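S.K.: Dropping in coords_36.cif, which is mmCIF, C-alpha atoms:
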data_model
#
loop_
_atom_site.group_PDB
_atom_site.id
_atom_site.type_symbol
_atom_site.label_atom_id
_atom_site.label_comp_id
_atom_site.auth_asym_id
_atom_site.auth_seq_id
_atom_site.Cartn_x
_atom_site.Cartn_y
_atom_site.Cartn_z
ATOM 1 C CA MET A 1 0.305 10.487 5.206
ATOM 2 C CA ASP A 2 -2.964 8.560 5.089
ATOM 3 C CA LEU A 3 -3.436 6.729 1.788
ATOM 4 C CA SER A 4 -7.185 6.598 2.446
ATOM 5 C CA GLN A 5 -7.374 10.380 2.009
ATOM 6 C CA ILE A 6 -5.376 10.667 -1.215
ATOM 7 C CA ALA A 7 -7.428 12.042 -4.086
ATOM 8 C CA GLY A 8 -4.622 12.272 -6.660
ATOM 9 C CA SER A 9 -1.110 11.088 -7.326
ATOM 10 C CA ILE A 10 1.744 11.349 -4.863
ATOM 11 C CA ALA A 11 5.300 10.060 -4.683
ATOM 12 C CA LEU A 12 5.868 6.890 -2.649
ATOM 13 C CA ARG A 13 9.470 7.471 -1.622
ATOM 14 C CA SER A 14 11.774 5.227 0.335
ATOM 15 C CA GLY A 15 11.631 6.145 4.017
ATOM 16 C CA GLN A 16 8.260 7.950 3.765
ATOM 17 C CA PRO A 17 5.558 5.374 4.564
ATOM 18 C CA LEU A 18 1.914 5.781 3.652
ATOM 19 C CA ARG A 19 -0.786 4.816 6.136
ATOM 20 C CA LEU A 20 -4.041 3.171 5.094
ATOM 21 C CA GLU A 21 -6.656 3.332 7.851
ATOM 22 C CA ASN A 22 -9.259 1.009 6.367
ATOM 23 C CA GLY A 23 -8.015 -0.937 3.387
ATOM 24 C CA TYR A 24 -10.046 -4.108 3.894
ATOM 25 C CA GLY A 25 -10.925 -5.546 0.494
ATOM 26 C CA ARG A 26 -8.923 -2.962 -1.464
ATOM 27 C CA ARG A 27 -6.364 -4.103 -3.991
ATOM 28 C CA ILE A 28 -3.120 -2.338 -4.864
ATOM 29 C CA SER A 29 -0.929 -3.167 -7.851
ATOM 30 C CA ILE A 30 2.750 -2.339 -8.046
ATOM 31 C CA LEU A 31 3.689 -0.624 -11.283
ATOM 32 C CA GLU A 32 7.344 0.053 -10.510
ATOM 33 C CA GLY A 33 9.784 -0.582 -7.682
ATOM 34 C CA HIS A 34 9.287 -2.616 -4.515
ATOM 35 C CA VAL A 35 6.759 -1.995 -1.750
ATOM 36 C CA TRP A 36 6.641 -3.362 1.789
ATOM 37 C CA VAL A 37 3.133 -3.833 3.187
ATOM 38 C CA THR A 38 2.345 -4.492 6.840
ATOM 39 C CA GLN A 39 -1.068 -4.622 8.520
ATOM 40 C CA ASP A 40 -1.636 -4.191 12.263
ATOM 41 C CA GLY A 41 -1.992 -7.579 13.929
ATOM 42 C CA ASP A 42 -0.667 -9.489 10.915
ATOM 43 C CA PRO A 43 2.564 -11.440 11.497
ATOM 44 C CA ARG A 44 3.385 -11.333 7.773
ATOM 45 C CA ASP A 45 5.621 -8.786 6.142
ATOM 46 C CA VAL A 46 4.651 -8.638 2.480
ATOM 47 C CA VAL A 47 7.162 -7.377 -0.094
ATOM 48 C CA LEU A 48 5.839 -6.817 -3.601
ATOM 49 C CA GLY A 49 7.588 -6.007 -6.853
ATOM 50 C CA ALA A 50 6.449 -4.588 -10.170
ATOM 51 C CA GLY A 51 3.610 -6.616 -11.655
ATOM 52 C CA GLU A 52 2.415 -7.971 -8.298
ATOM 53 C CA ASP A 53 -0.677 -7.025 -6.355
ATOM 54 C CA PHE A 54 -2.081 -7.341 -2.853
ATOM 55 C CA VAL A 55 -5.571 -7.346 -1.347
ATOM 56 C CA PHE A 56 -5.834 -6.021 2.209
ATOM 57 C CA ASP A 57 -7.437 -8.804 4.234
ATOM 58 C CA ARG A 58 -7.673 -7.212 7.676
ATOM 59 C CA ARG A 59 -9.857 -4.491 9.104
ATOM 60 C CA ALA A 60 -6.834 -2.763 10.595
ATOM 61 C CA PRO A 61 -4.493 0.085 9.718
ATOM 62 C CA ALA A 62 -1.709 -0.752 7.277
ATOM 63 C CA LEU A 63 1.580 0.847 6.247
ATOM 64 C CA LEU A 64 3.097 0.850 2.767
ATOM 65 C CA SER A 65 6.756 1.729 2.259
ATOM 66 C CA ALA A 66 8.897 1.907 -0.864
ATOM 67 C CA LEU A 67 12.056 -0.200 -0.646
ATOM 68 C CA GLY A 68 15.334 0.612 -2.361
ATOM 69 C CA GLY A 69 14.057 3.737 -4.073
ATOM 70 C CA ASP A 70 10.780 5.202 -5.236
ATOM 71 C CA ALA A 71 7.820 3.027 -6.191
ATOM 72 C CA HIS A 72 4.612 3.496 -8.149
ATOM 73 C CA ILE A 73 1.342 1.854 -7.154
ATOM 74 C CA VAL A 74 -2.253 1.985 -8.316
ATOM 75 C CA ARG A 75 -5.328 1.352 -6.184
ATOM 76 C CA GLU A 76 -8.179 -0.796 -7.456
ATOM 77 C CA ASP A 77 -10.588 2.148 -7.391
ATOM 78 C CA GLY A 78 -8.520 3.817 -10.104
ATOM 79 C CA VAL A 79 -6.653 6.337 -7.954
ATOM 80 C CA THR A 80 -2.987 6.271 -8.914
ATOM 81 C CA VAL A 81 -0.357 6.721 -6.236
ATOM 82 C CA ALA A 82 3.054 7.379 -7.737
#
Please, can you express the file's structure as structure tokens?

M.R.:
Amino acid sequence: MDLSQIAGSIALRSGQPLRLENGYGRRISILEGHVWVTQDGDPRDVVLGAGEDFVFDRRAPALLSALGGDAHIVREDGVTVA
């Protein structure tokens, strides 16, 4: 599923990654759980927990995956992804 196209809330479940086509400059905050973030061409693997946030710093597709169970995130533009 493409996170860029989400207009409402959805479940971010372990094993069901979300794709973000153009996240450059967007911020996500983790409300609950743990989320793995990877961006195409970026050697880093970013793992975030509740209370942490991340700003996408590449103009490339990215994947977000819940780790160890469901997670809840919120995008900077106010759209909640749960």

S.K.: Considering all atoms listed in the file, state which residue in the set A:Leu63, A:Ile28, A:Val35, A:Leu20 is at the smallest distance from Leu48 in chain A.

M.R.: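 Closest to Leu48 in chain A, using all atoms listed in the file: A:Val35.
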
S.K.: Would you please work out which residue, of A:Gly51, A:Gly33, A:Arg26, A:Pro43, is nearest to Gly68 in chain A when using all atoms listed in the file?

M.R.: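 Under the stated criterion, the closest residue is A:Gly33.
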
S.K.: With all atoms listed in the file as the atoms that count, which of A:Glu52, A:Leu12, A:Asp57, A:Arg75 lies nearest to Thr38 in chain A?

M.R.: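 Closest residue, counting all atoms listed in the file: A:Asp57.
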
S.K.: May I have the residues within 10 Å of Gly15 in chain A as a list in words, using all atoms listed in the file and disregarding those fewer than 4 positions away in the same chain?

M.R.: Ser65, Ala66, Leu67, Gly68, Gly69 and Asp70 of chain A

S.K.: Please evaluate the PyMOL selection byres ((chain A and resi 61) around 8) against the displayed coordinates and give the resulting residues as a list in words.

M.R.: Arg19, Leu20, Glu21, Asn22, Gly23, Gln39, Asp40, Arg59, Ala60, Ala62 and Leu63 of chain A

S.K.: Keeping only C-alpha atoms, write those residues as a JSON list (two decimals), in the coordinates of the input.

M.R.:
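Final file, selection-v9.json:
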[["chain", "number", "residue", "atom", "x", "y", "z"],
["A", 19, "ARG", "CA", -0.79, 4.82, 6.14],
["A", 20, "LEU", "CA", -4.04, 3.17, 5.09],
["A", 21, "GLU", "CA", -6.66, 3.33, 7.85],
["A", 22, "ASN", "CA", -9.26, 1.01, 6.37],
["A", 23, "GLY", "CA", -8.02, -0.94, 3.39],
["A", 39, "GLN", "CA", -1.07, -4.62, 8.52],
["A", 40, "ASP", "CA", -1.64, -4.19, 12.26],
["A", 59, "ARG", "CA", -9.86, -4.49, 9.10],
["A", 60, "ALA", "CA", -6.83, -2.76, 10.60],
["A", 62, "ALA", "CA", -1.71, -0.75, 7.28],
["A", 63, "LEU", "CA", 1.58, 0.85, 6.25]]

S.K.: Do you have the CA of Phe54 in chain A-CA of Gly25 in chain A distance handy?

M.R.: 9.6 Å

S.K.: Quick one, how far is CA of Val74 in chain A from CA of Ser14 in chain A?

M.R.: 16.8 Å

S.K.: Looking at A:Arg44, A:Arg13, A:Phe56, A:Ile73, which one is nearest to Arg27 in chain A, with distances taken over all atoms listed in the file?

M.R.: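 Closest candidate: A:Phe56.
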
S.K.: Quick one, how far is CA of His72 in chain A from CA of His34 in chain A?

M.R.: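 Computing it gives 8.5 Å between the two atoms.
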
S.K.: Identify which of the residues A:Tyr24, A:Pro17, A:Glu32, A:Ala71 lies closest to Ala50 in chain A, counting all atoms listed in the file when measuring atom-to-atom distances.

M.R.: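 Distance minimum relative to Ala50 in chain A lands on A:Glu32.
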
S.K.: Nearest to Leu64 in chain A among A:Trp36, A:Ser29, A:Gln16, A:Val46, with distances taken over all atoms listed in the file: which residue is it?

M.R.: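 Checking each of A:Trp36, A:Ser29, A:Gln16, A:Val46 against Leu64 in chain A, counting all atoms listed in the file, the winner is A:Trp36.
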